[in-house]
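Asks: Contents of query.cif (mmCIF, C-alpha atoms and all ligand atoms):
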```cif
data_upload
#
loop_
_atom_site.label_atom_id
_atom_site.label_comp_id
_atom_site.auth_asym_id
_atom_site.auth_seq_id
_atom_site.Cartn_x
_atom_site.Cartn_y
_atom_site.Cartn_z
CA MET A 280 -16.24 -15.58 4.48
CA THR A 281 -15.92 -12.20 6.14
CA VAL A 282 -12.78 -10.08 5.84
CA LEU A 283 -12.14 -6.99 7.95
CA LEU A 284 -10.01 -4.27 6.36
CA THR A 285 -8.59 -1.73 8.80
CA GLY A 286 -7.94 1.46 6.87
CA GLY A 287 -10.00 -0.09 4.08
CA ALA A 288 -11.12 3.24 2.59
CA GLY A 289 -7.53 4.22 1.71
CA TYR A 290 -5.78 3.81 -1.60
CA ILE A 291 -4.64 0.20 -1.31
CA GLY A 292 -7.45 -0.84 1.05
CA SER A 293 -10.18 0.32 -1.34
CA HIS A 294 -8.68 -1.54 -4.31
CA THR A 295 -8.29 -4.65 -2.17
CA ALA A 296 -11.94 -4.29 -1.10
CA ALA A 297 -12.96 -4.19 -4.79
CA GLU A 298 -11.01 -7.39 -5.53
CA LEU A 299 -12.38 -9.18 -2.44
CA LEU A 300 -15.97 -8.22 -3.32
CA ALA A 301 -15.41 -9.40 -6.89
CA ALA A 302 -14.13 -12.73 -5.52
CA GLY A 303 -17.30 -13.14 -3.42
CA TYR A 304 -16.05 -12.25 0.06
CA ASP A 305 -18.04 -10.21 2.57
CA VAL A 306 -16.04 -7.08 3.34
CA ILE A 307 -16.10 -4.90 6.45
CA ILE A 308 -14.19 -1.62 6.41
CA ALA A 309 -13.05 0.06 9.64
CA ASP A 310 -11.75 3.55 8.90
CA ASN A 311 -11.90 6.99 10.51
CA PHE A 312 -11.33 8.77 7.16
CA SER A 313 -8.31 10.62 8.55
CA ASN A 314 -6.71 10.33 5.10
CA SER A 315 -9.54 8.94 2.95
CA SER A 316 -13.10 9.71 1.88
CA PRO A 317 -16.46 8.12 2.73
CA ALA A 318 -17.28 8.49 -1.00
CA VAL A 319 -15.18 5.34 -1.51
CA LEU A 320 -18.12 3.28 -0.21
CA ASP A 321 -20.49 4.54 -2.93
CA ARG A 322 -17.83 3.96 -5.57
CA LEU A 323 -17.19 0.41 -4.37
CA GLU A 324 -20.90 -0.28 -4.53
CA GLN A 325 -20.98 0.96 -8.14
CA ILE A 326 -18.06 -1.31 -9.01
CA ALA A 327 -19.09 -4.46 -7.17
CA TRP A 328 -22.88 -4.13 -6.87
CA LYS A 329 -22.35 -4.83 -3.22
CA ARG A 330 -21.57 -2.37 -0.44
CA PRO A 331 -18.98 -3.17 2.21
CA LYS A 332 -20.18 -2.79 5.77
CA LEU A 333 -18.63 0.36 7.24
CA TYR A 334 -17.54 1.21 10.76
CA ASN A 335 -16.40 4.82 11.08
CA VAL A 336 -13.98 4.23 13.91
CA ASP A 337 -10.42 4.98 14.95
CA VAL A 338 -8.74 1.60 14.95
CA SER A 339 -6.32 2.70 17.69
CA ASP A 340 -9.31 3.25 20.00
CA LYS A 341 -9.61 -0.34 21.12
CA SER A 342 -12.82 -0.04 23.12
CA ALA A 343 -14.62 1.66 20.20
CA PHE A 344 -13.10 -0.73 17.66
CA GLU A 345 -14.16 -3.80 19.67
CA ARG A 346 -17.75 -3.36 18.50
CA VAL A 347 -16.68 -4.51 15.02
CA PHE A 348 -15.47 -7.84 16.41
CA ALA A 349 -18.39 -8.22 18.82
CA GLU A 350 -21.01 -7.66 16.10
CA ASN A 351 -19.47 -9.76 13.30
CA LYS A 352 -17.88 -13.16 12.84
CA ILE A 353 -14.59 -12.17 11.25
CA ASP A 354 -12.54 -14.82 9.46
CA SER A 355 -9.58 -12.75 8.37
CA VAL A 356 -8.10 -9.28 8.99
CA ILE A 357 -6.09 -7.24 6.51
CA HIS A 358 -4.41 -4.46 8.45
CA PHE A 359 -3.84 -1.30 6.38
CA ALA A 360 -4.59 1.38 8.99
CA GLY A 361 -1.65 3.69 9.57
CA TYR A 362 0.04 6.94 8.60
CA LYS A 363 2.16 6.65 5.47
CA SER A 364 4.00 9.84 4.62
CA VAL A 365 7.78 9.46 4.81
CA GLY A 366 8.46 13.22 5.06
CA GLU A 367 5.76 13.83 7.67
CA SER A 368 7.12 10.96 9.77
CA VAL A 369 10.45 12.78 9.99
CA ARG A 370 8.70 15.96 11.19
CA VAL A 371 6.36 14.34 13.74
CA PRO A 372 7.91 10.96 14.58
CA LEU A 373 5.98 10.42 17.81
CA ASN A 374 2.65 10.73 15.98
CA TYR A 375 3.81 7.95 13.65
CA TYR A 376 5.02 5.64 16.42
CA ARG A 377 1.92 6.32 18.53
CA ASN A 378 -0.64 5.90 15.76
CA ASN A 379 0.83 3.08 13.71
CA ILE A 380 1.81 0.92 16.67
CA ASP A 381 -1.39 1.61 18.64
CA CYS A 382 -3.52 0.70 15.60
CA THR A 383 -1.63 -2.58 15.32
CA LEU A 384 -1.71 -3.48 19.02
CA ALA A 385 -5.44 -2.75 19.28
CA THR A 386 -6.11 -4.88 16.20
CA LEU A 387 -3.94 -7.77 17.39
CA GLU A 388 -5.44 -7.73 20.90
CA LEU A 389 -8.91 -7.98 19.39
CA VAL A 390 -7.80 -10.63 16.91
CA ASP A 391 -6.50 -12.58 19.92
CA LYS A 392 -9.65 -12.08 22.01
CA TYR A 393 -12.01 -13.02 19.17
CA SER A 394 -9.82 -15.90 17.89
CA VAL A 395 -9.26 -14.63 14.35
CA ASN A 396 -6.45 -16.76 12.96
CA SER A 397 -5.68 -15.18 9.59
CA PHE A 398 -3.90 -11.83 9.48
CA ILE A 399 -2.30 -9.90 6.61
CA PHE A 400 -0.12 -6.83 7.17
CA SER A 401 0.58 -3.99 4.81
CA SER A 402 4.36 -3.65 5.07
CA SER A 403 6.83 -1.93 2.78
CA ALA A 404 10.02 -2.48 0.82
CA THR A 405 11.39 0.36 2.92
CA VAL A 406 12.18 -2.19 5.69
CA TYR A 407 15.14 -3.52 3.64
CA GLY A 408 18.35 -1.90 4.76
CA ALA A 409 20.04 0.40 2.26
CA GLU A 410 23.08 -1.91 2.12
CA ASN A 411 21.28 -4.80 0.42
CA GLU A 412 21.97 -5.56 -3.21
CA VAL A 413 19.09 -5.47 -5.66
CA PRO A 414 16.83 -7.28 -6.26
CA TYR A 415 15.59 -7.42 -2.66
CA ARG A 416 14.82 -10.91 -1.40
CA GLU A 417 12.61 -11.67 1.62
CA ASP A 418 15.47 -13.32 3.52
CA MET A 419 17.76 -10.29 3.27
CA ARG A 420 18.54 -8.30 6.38
CA VAL A 421 16.11 -5.59 7.39
CA GLY A 422 16.90 -2.14 8.79
CA PRO A 423 18.25 0.27 9.58
CA CYS A 424 15.39 2.30 8.12
CA SER A 425 15.92 5.82 6.85
CA ASN A 426 12.84 7.38 8.48
CA PRO A 427 10.33 6.82 11.33
CA TYR A 428 7.61 5.64 8.93
CA GLY A 429 9.89 2.81 7.81
CA TRP A 430 10.76 1.94 11.41
CA THR A 431 7.06 1.66 12.29
CA LYS A 432 6.70 -0.93 9.50
CA LEU A 433 9.72 -2.86 10.74
CA PHE A 434 8.67 -2.74 14.42
CA ILE A 435 5.16 -3.85 13.50
CA GLU A 436 6.56 -6.78 11.50
CA GLN A 437 8.42 -7.85 14.65
CA ILE A 438 5.33 -7.44 16.87
CA ILE A 439 3.34 -9.65 14.51
CA LYS A 440 6.09 -12.29 14.38
CA ASP A 441 6.28 -12.42 18.18
CA PHE A 442 2.50 -12.68 18.52
CA SER A 443 2.41 -15.37 15.87
CA SER A 444 5.15 -17.39 17.62
CA ALA A 445 3.15 -17.33 20.83
CA LYS A 446 -0.04 -18.54 19.13
CA PRO A 447 0.45 -21.74 17.18
CA GLU A 448 -2.95 -21.65 15.47
CA PHE A 449 -2.30 -18.15 14.10
CA SER A 450 -1.24 -17.39 10.54
CA ALA A 451 0.29 -14.04 9.55
CA VAL A 452 1.45 -12.79 6.17
CA LEU A 453 3.66 -9.70 5.90
CA LEU A 454 3.40 -8.12 2.45
CA ARG A 455 6.27 -5.83 1.49
CA TYR A 456 4.95 -3.49 -1.18
CA PHE A 457 7.23 -1.83 -3.68
CA ASN A 458 5.72 1.25 -5.41
CA PRO A 459 1.95 0.89 -5.88
CA VAL A 460 0.52 3.10 -8.64
CA GLY A 461 -2.46 3.20 -11.01
CA ALA A 462 -6.14 2.92 -10.26
CA HIS A 463 -9.17 0.70 -10.80
CA ARG A 464 -9.97 0.22 -14.49
CA SER A 465 -13.39 1.84 -13.98
CA GLY A 466 -11.84 5.17 -12.92
CA LEU A 467 -14.17 5.15 -9.90
CA ILE A 468 -11.50 4.62 -7.24
CA GLY A 469 -7.87 5.72 -7.20
CA GLU A 470 -5.20 7.51 -5.21
CA ASP A 471 -6.35 10.80 -3.70
CA PRO A 472 -3.57 12.33 -1.61
CA ARG A 473 -4.40 15.43 0.44
CA GLY A 474 -2.51 18.58 -0.53
CA ILE A 475 0.55 18.46 -2.75
CA PRO A 476 1.50 14.84 -3.46
CA ASN A 477 4.83 13.48 -2.24
CA ASN A 478 4.94 10.46 -4.51
CA LEU A 479 5.85 10.39 -8.15
CA MET A 480 2.71 9.09 -9.89
CA PRO A 481 0.16 11.32 -8.15
CA TYR A 482 2.49 14.26 -8.76
CA ILE A 483 2.80 13.48 -12.47
CA SER A 484 -1.01 13.07 -12.64
CA LYS A 485 -1.57 16.51 -11.10
CA VAL A 486 0.87 18.09 -13.56
CA ALA A 487 -0.80 16.29 -16.47
CA VAL A 488 -4.26 17.52 -15.43
CA GLY A 489 -2.94 21.10 -15.08
CA ALA A 490 -3.30 21.37 -11.29
CA LEU A 491 0.49 21.71 -10.81
CA PRO A 492 2.85 23.42 -13.28
CA VAL A 493 5.87 21.14 -13.54
CA LEU A 494 7.30 17.90 -12.12
CA LYS A 495 10.59 18.25 -10.28
CA ILE A 496 12.75 15.19 -10.87
CA PHE A 497 14.83 14.65 -7.74
CA GLY A 498 18.31 13.90 -9.04
CA ASN A 499 19.65 13.13 -12.53
CA ASP A 500 23.12 12.06 -11.43
CA TYR A 501 22.37 8.67 -9.87
CA PRO A 502 24.38 5.67 -11.10
CA THR A 503 21.37 4.39 -13.08
CA ARG A 504 20.77 4.00 -16.83
CA ASP A 505 19.56 7.60 -17.30
CA GLY A 506 20.69 9.16 -14.01
CA THR A 507 17.21 9.23 -12.42
CA GLY A 508 15.97 7.01 -9.59
CA VAL A 509 14.76 3.49 -10.39
CA ARG A 510 11.83 1.81 -8.59
CA ASP A 511 9.61 -1.24 -8.97
CA TYR A 512 6.19 0.23 -9.81
CA ILE A 513 3.30 -2.19 -9.36
CA HIS A 514 -0.29 -1.70 -10.50
CA VAL A 515 -2.53 -1.35 -7.45
CA ILE A 516 -4.89 -3.98 -8.90
CA ASP A 517 -2.07 -6.52 -9.10
CA LEU A 518 -1.20 -5.56 -5.53
CA ALA A 519 -4.83 -6.00 -4.44
CA LYS A 520 -4.91 -9.46 -6.04
CA GLY A 521 -1.73 -10.24 -4.09
CA HIS A 522 -3.71 -9.64 -0.88
CA VAL A 523 -6.42 -12.07 -1.96
CA ALA A 524 -3.76 -14.70 -2.72
CA ALA A 525 -2.03 -14.02 0.62
CA MET A 526 -5.29 -14.40 2.49
CA ARG A 527 -6.01 -17.75 0.86
CA PHE A 528 -2.50 -18.83 1.79
CA ALA A 529 -2.95 -17.67 5.41
CA GLU A 530 -6.11 -19.71 5.74
CA ASN A 531 -4.21 -22.92 5.04
CA ASN A 532 -0.99 -22.25 6.92
CA ARG A 533 0.39 -21.39 10.35
CA GLY A 534 3.19 -19.08 11.48
CA THR A 535 4.49 -15.97 9.73
CA GLU A 536 5.52 -15.65 6.08
CA VAL A 537 6.91 -12.60 4.29
CA PHE A 538 6.33 -11.83 0.59
CA ASN A 539 7.49 -9.06 -1.69
CA LEU A 540 4.77 -7.63 -3.91
CA GLY A 541 6.38 -6.02 -6.93
CA THR A 542 6.89 -6.74 -10.61
CA GLY A 543 10.58 -7.57 -10.28
CA LYS A 544 11.43 -4.85 -12.81
CA GLY A 545 12.80 -1.36 -12.26
CA GLU A 546 11.67 1.77 -14.14
CA SER A 547 13.41 5.15 -13.99
CA VAL A 548 11.65 8.42 -13.24
CA LEU A 549 12.21 9.54 -16.84
CA GLU A 550 10.74 6.29 -18.16
CA MET A 551 7.65 6.79 -16.01
CA VAL A 552 7.30 10.40 -17.18
CA GLY A 553 7.55 9.24 -20.81
CA ALA A 554 5.00 6.45 -20.31
CA PHE A 555 2.56 8.84 -18.65
CA GLY A 556 2.94 11.31 -21.52
CA ASN A 557 1.98 8.51 -23.92
CA ALA A 558 -1.07 7.65 -21.80
CA CYS A 559 -2.40 11.20 -21.56
CA GLY A 560 -1.49 12.21 -25.10
CA ARG A 561 0.91 15.06 -24.33
CA PRO A 562 4.34 15.37 -22.77
CA VAL A 563 4.48 15.97 -19.01
CA PRO A 564 6.61 19.07 -18.27
CA TYR A 565 9.52 18.39 -15.92
CA GLU A 566 12.74 19.94 -14.67
CA PHE A 567 15.67 18.47 -12.82
CA ALA A 568 16.13 19.32 -9.15
CA PRO A 569 18.59 18.19 -6.46
CA ARG A 570 18.33 14.70 -4.99
CA ARG A 571 15.73 14.22 -2.24
CA SER A 572 17.36 13.24 1.03
CA GLY A 573 16.84 9.60 2.02
CA ASP A 574 16.20 8.39 -1.56
CA LEU A 575 18.10 5.37 -2.82
CA PRO A 576 19.34 5.23 -6.44
CA GLU A 577 17.67 1.98 -7.41
CA TYR A 578 15.74 -0.94 -5.99
CA TYR A 579 13.26 -3.54 -7.12
CA ALA A 580 11.84 -6.83 -5.88
CA ASP A 581 12.83 -10.43 -6.26
CA VAL A 582 9.33 -11.81 -6.79
CA ARG A 583 10.04 -15.52 -7.03
CA LYS A 584 8.71 -16.39 -3.58
CA ALA A 585 5.28 -14.84 -4.19
CA ASN A 586 5.20 -16.45 -7.65
CA GLU A 587 6.05 -19.90 -6.35
CA VAL A 588 4.31 -20.01 -2.97
CA LEU A 589 1.26 -17.80 -3.52
CA GLY A 590 0.88 -18.57 -7.22
CA TRP A 591 0.61 -14.82 -7.72
CA LYS A 592 2.33 -12.67 -10.31
CA ALA A 593 1.94 -9.03 -11.33
CA GLU A 594 0.37 -8.97 -14.79
CA LEU A 595 -0.25 -5.34 -15.67
CA SER A 596 2.30 -3.22 -17.54
CA VAL A 597 3.62 0.29 -16.97
CA ALA A 598 1.37 1.41 -19.85
CA ASP A 599 -1.63 -0.05 -17.96
CA MET A 600 -0.54 1.74 -14.77
CA CYS A 601 -0.33 5.09 -16.56
CA ARG A 602 -3.57 4.58 -18.53
CA ASP A 603 -5.50 3.81 -15.35
CA ALA A 604 -3.87 6.57 -13.27
CA TRP A 605 -4.73 9.06 -16.03
CA ASN A 606 -8.28 7.73 -16.40
CA TRP A 607 -8.86 8.19 -12.64
CA GLN A 608 -7.20 11.62 -12.54
CA SER A 609 -8.96 13.03 -15.60
CA ARG A 610 -12.39 11.78 -14.48
CA ASN A 611 -11.82 12.99 -10.91
CA PRO A 612 -9.63 16.09 -11.12
CA ASN A 613 -10.43 16.87 -7.46
CA GLY A 614 -10.25 13.28 -6.28
CA TYR A 615 -13.31 12.20 -4.28
CA GLU A 616 -14.39 15.79 -3.70
CA GLU A 617 -17.43 16.52 -5.85
N1 LIG B 701 10.38 11.54 -7.46
C1 LIG B 701 10.65 12.69 -8.19
N2 LIG B 701 9.82 13.75 -8.06
C2 LIG B 701 8.74 13.76 -7.24
C3 LIG B 701 8.46 12.59 -6.49
C4 LIG B 701 9.29 11.49 -6.63
O1 LIG B 701 11.63 12.73 -8.94
O2 LIG B 701 8.03 14.78 -7.16
C5 LIG B 701 11.24 10.35 -7.62
C6 LIG B 701 11.94 9.93 -6.35
O3 LIG B 701 13.15 10.63 -6.16
C7 LIG B 701 12.13 8.42 -6.58
C8 LIG B 701 10.91 8.05 -7.43
O4 LIG B 701 10.43 9.26 -7.99
O5 LIG B 701 13.27 8.19 -7.37
C9 LIG B 701 9.80 7.42 -6.62
O6 LIG B 701 9.47 8.28 -5.53
P1 LIG B 701 8.13 8.09 -4.67
O7 LIG B 701 8.08 9.20 -3.66
O8 LIG B 701 6.96 7.89 -5.56
O9 LIG B 701 8.35 6.68 -3.95
P2 LIG B 701 9.53 6.21 -2.99
O10 LIG B 701 10.22 5.09 -3.70
O11 LIG B 701 10.36 7.31 -2.48
O12 LIG B 701 8.66 5.74 -1.74
C10 LIG B 701 7.86 4.62 -1.82
C11 LIG B 701 6.63 4.76 -0.91
C12 LIG B 701 7.03 4.76 0.54
C13 LIG B 701 7.97 3.64 0.82
C14 LIG B 701 9.12 3.66 -0.13
C15 LIG B 701 10.05 2.53 0.09
O13 LIG B 701 5.94 5.95 -1.17
O14 LIG B 701 5.87 4.56 1.30
O15 LIG B 701 8.62 3.56 -1.45
O16 LIG B 701 9.44 1.32 -0.19
F1 LIG B 701 8.47 3.77 2.08
#
```
Rewrite the coordinates I just gave you, this time as structure tokens.
Ligand code: UFG
Replies:
Amino acid sequence: MTVLLTGGAGYIGSHTAAELLAAGYDVIIADNFSNSSPAVLDRLEQIAWKRPKLYNVDVSDKSAFERVFAENKIDSVIHFAGYKSVGESVRVPLNYYRNNIDCTLATLELVDKYSVNSFIFSSSATVYGAENEVPYREDMRVGPCSNPYGWTKLFIEQIIKDFSSAKPEFSAVLLRYFNPVGAHRSGLIGEDPRGIPNNLMPYISKVAVGALPVLKIFGNDYPTRDGTGVRDYIHVIDLAKGHVAAMRFAENNRGTEVFNLGTGKGESVLEMVGAFGNACGRPVPYEFAPRRSGDLPEYYADVRKANEVLGWKAELSVADMCRDAWNWQSRNPNGYEE
């Protein structure tokens, strides 16, 4: 069986590729490396003893992207390609709407033309409106989103649902990720953000390795157990396995289904900082700073649907997440750059 990963060289795509290769699937990656590195391919080959087939192509360029479908018999598509920085999406919203929606429309039009009937989309917990109570359940209301990045995820969910309704043989799975962290156990692939990281775990990792001086904790006056923000951190390998389970589900079903991928448990920023200090063997320096605009105090997933329907459950602990993030960071202090 052949699976096409759009944006497959990115953080979540590359870990999903590793899991798919380990499970015996043939993997094709379509990526223009706008926010990833071609070195991922060598690393995947070292991990899996098998190299994914690569197309260096902009997925939003439909005529260039079509070659992938024309030259291969694709059974399933996992659509990761898209911009993903919340802050950047506020600064250049049109780039986010243009790129993320064009990538999706091009992919869906080709999926339609080449009769691919299994489709998985990389969505986000950010689609849940801020008014919902925690834990977030898949049937809760979505929107309004707090930034253009979140809106692109929500609009794309709707586009996929409409396409799916019009095509009875089609099966789509929308995966709403909570906070993916960690890295492959081998330390060969991991998260490699360009510039100064926006997200907590890569920032902590850079402080721990000495590349940044101190972590700023955004807010210590939230109504949470220690005043810092609470999130549902999920090991990227558990997340990757969730994609394999979703794909198997899509192959045997029709219509659109939505699943949360999280652990169902919330951790505070201070708890994550403490756990990372244990993993790397020294405390991570931090200071408190004002709240970051748009951040919610606390949210985590209700994971019962994925447990029951997909037979999938996150298995790795926060200690595993920190151990693997530190292993990746300390072996690759400059990410994929040699
Ligand atoms: N935080 C800090 N200091 C930092 C970075 C983050 O204190 O330098 C805190 C945040 O305030 C928050 C927590 O760490 O309480 C997690 O922040 P992240 O930026 O790692 O993650 P978010 O929950 O803000 O965002 C994530 C994804 C987005 C997604 C969003 C909602 O990065 O893609 O979840 O699902 F949209």
Asks: For a test of reading the model, state the distance in Å between CA of Arg504 in chain A and CA of Pro576 in chain A, rounded to one decimal.
Replies: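 Value for the CA of Arg504 in chain A-CA of Pro576 in chain A distance: 10.6 Å.
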Asks: Which neighbours of Arg561 in chain A fall inside 10 Å, counting all atoms listed in the file, when residues of the same chain fewer than 6 positions from it are skipped, and could you give them as a list in words?
Replies: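 That gives Ala487, Gly553 and Phe555 of chain A.
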Asks: Which residues are near ligand LIG 701 (chain B) - at most 9 Å, using all atoms listed in the file? Format: as a tab-separated table (two decimals) with C-alpha atoms, in the frame of the given file.
Replies:
```tsv
chain	number	residue	atom	x	y	z
A	363	LYS	CA	2.16	6.65	5.47
A	364	SER	CA	4.00	9.84	4.62
A	365	VAL	CA	7.78	9.46	4.81
A	402	SER	CA	4.36	-3.65	5.07
A	403	SER	CA	6.83	-1.93	2.78
A	404	ALA	CA	10.02	-2.48	0.82
A	405	THR	CA	11.39	0.36	2.92
A	406	VAL	CA	12.18	-2.19	5.69
A	407	TYR	CA	15.14	-3.52	3.64
A	426	ASN	CA	12.84	7.38	8.48
A	428	TYR	CA	7.61	5.64	8.93
A	429	GLY	CA	9.89	2.81	7.81
A	432	LYS	CA	6.70	-0.93	9.50
A	455	ARG	CA	6.27	-5.83	1.49
A	456	TYR	CA	4.95	-3.49	-1.18
A	457	PHE	CA	7.23	-1.83	-3.68
A	458	ASN	CA	5.72	1.25	-5.41
A	459	PRO	CA	1.95	0.89	-5.88
A	460	VAL	CA	0.52	3.10	-8.64
A	476	PRO	CA	1.50	14.84	-3.46
A	477	ASN	CA	4.83	13.48	-2.24
A	478	ASN	CA	4.94	10.46	-4.51
A	479	LEU	CA	5.85	10.39	-8.15
A	480	MET	CA	2.71	9.09	-9.89
A	481	PRO	CA	0.16	11.32	-8.15
A	482	TYR	CA	2.49	14.26	-8.76
A	483	ILE	CA	2.80	13.48	-12.47
A	494	LEU	CA	7.30	17.90	-12.12
A	495	LYS	CA	10.59	18.25	-10.28
A	496	ILE	CA	12.75	15.19	-10.87
A	497	PHE	CA	14.83	14.65	-7.74
A	498	GLY	CA	18.31	13.90	-9.04
A	499	ASN	CA	19.65	13.13	-12.53
A	507	THR	CA	17.21	9.23	-12.42
A	508	GLY	CA	15.97	7.01	-9.59
A	509	VAL	CA	14.76	3.49	-10.39
A	510	ARG	CA	11.83	1.81	-8.59
A	511	ASP	CA	9.61	-1.24	-8.97
A	512	TYR	CA	6.19	0.23	-9.81
A	547	SER	CA	13.41	5.15	-13.99
A	548	VAL	CA	11.65	8.42	-13.24
A	549	LEU	CA	12.21	9.54	-16.84
A	551	MET	CA	7.65	6.79	-16.01
A	567	PHE	CA	15.67	18.47	-12.82
A	568	ALA	CA	16.13	19.32	-9.15
A	570	ARG	CA	18.33	14.70	-4.99
A	571	ARG	CA	15.73	14.22	-2.24
A	572	SER	CA	17.36	13.24	1.03
A	573	GLY	CA	16.84	9.60	2.02
A	574	ASP	CA	16.20	8.39	-1.56
A	575	LEU	CA	18.10	5.37	-2.82
A	576	PRO	CA	19.34	5.23	-6.44
A	577	GLU	CA	17.67	1.98	-7.41
A	578	TYR	CA	15.74	-0.94	-5.99
```
Asks: What gap, in Å, lies between CA of Lys352 in chain A and CA of Thr281 in chain A?
Replies: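 Spanning CA of Lys352 in chain A to CA of Thr281 in chain A is a straight-line distance of 7.0 Å.
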Asks: So that I can check the surroundings of range 370-382 of chain A, please list as a ChimeraX atom specification every protein, DNA and RNA residue that reaches within 9 Å of it, counting only C-alpha atoms and ignoring chain neighbours fewer than 5 positions away.
Replies: /A:285,337-341,358,360-363,387,426-428,430-432,434-435
Asks: Calculated over only C-alpha atoms, which of the candidates A:Glu388, A:Glu546, A:Asp500, A:Asp517 has the smallest distance to Glu594 in chain A?
Replies: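 Once distances to Glu594 in chain A are computed over only C-alpha atoms, the minimum belongs to A:Asp517.
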Asks: Interatomic distance between CA of Asp391 in chain A and CA of Leu454 in chain A?
Replies: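 If I compute the distance from CA of Asp391 in chain A to CA of Leu454 in chain A, I get 20.6 Å.
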Asks: How big is the axis-aligned box around the listed atoms of range 482-500 of chain A once 4 Å is added on each side, and where is its centre? Give both in Å to one decimal, as JSON.
Replies:
```
{"center_x": 9.4, "center_y": 17.7, "center_z": -12.1, "size_x": 35.4, "size_y": 19.4, "size_z": 16.7}
```
Asks: Quick one: residues within 12 Å of Asn351 in chain A, all atoms listed in the file, excluding same-chain residues fewer than 4 positions away - as a list in words?
Replies: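 Residues near the query, excluding close chain neighbours: Met280, Thr281, Val282, Leu283, Asp305, Val306, Ile307, Ile308, Lys332, Leu333, Tyr334, Phe344, Glu345, Arg346, Val347, Ser355, Tyr393 and Val395 of chain A.
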Asks: For Ile291 in chain A, which of A:Asn314, A:Asn411, A:Asn539, A:Ser401 is the closest residue, counting only C-alpha atoms?
Replies: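 Selected residue with least distance to Ile291 in chain A: A:Ser401.
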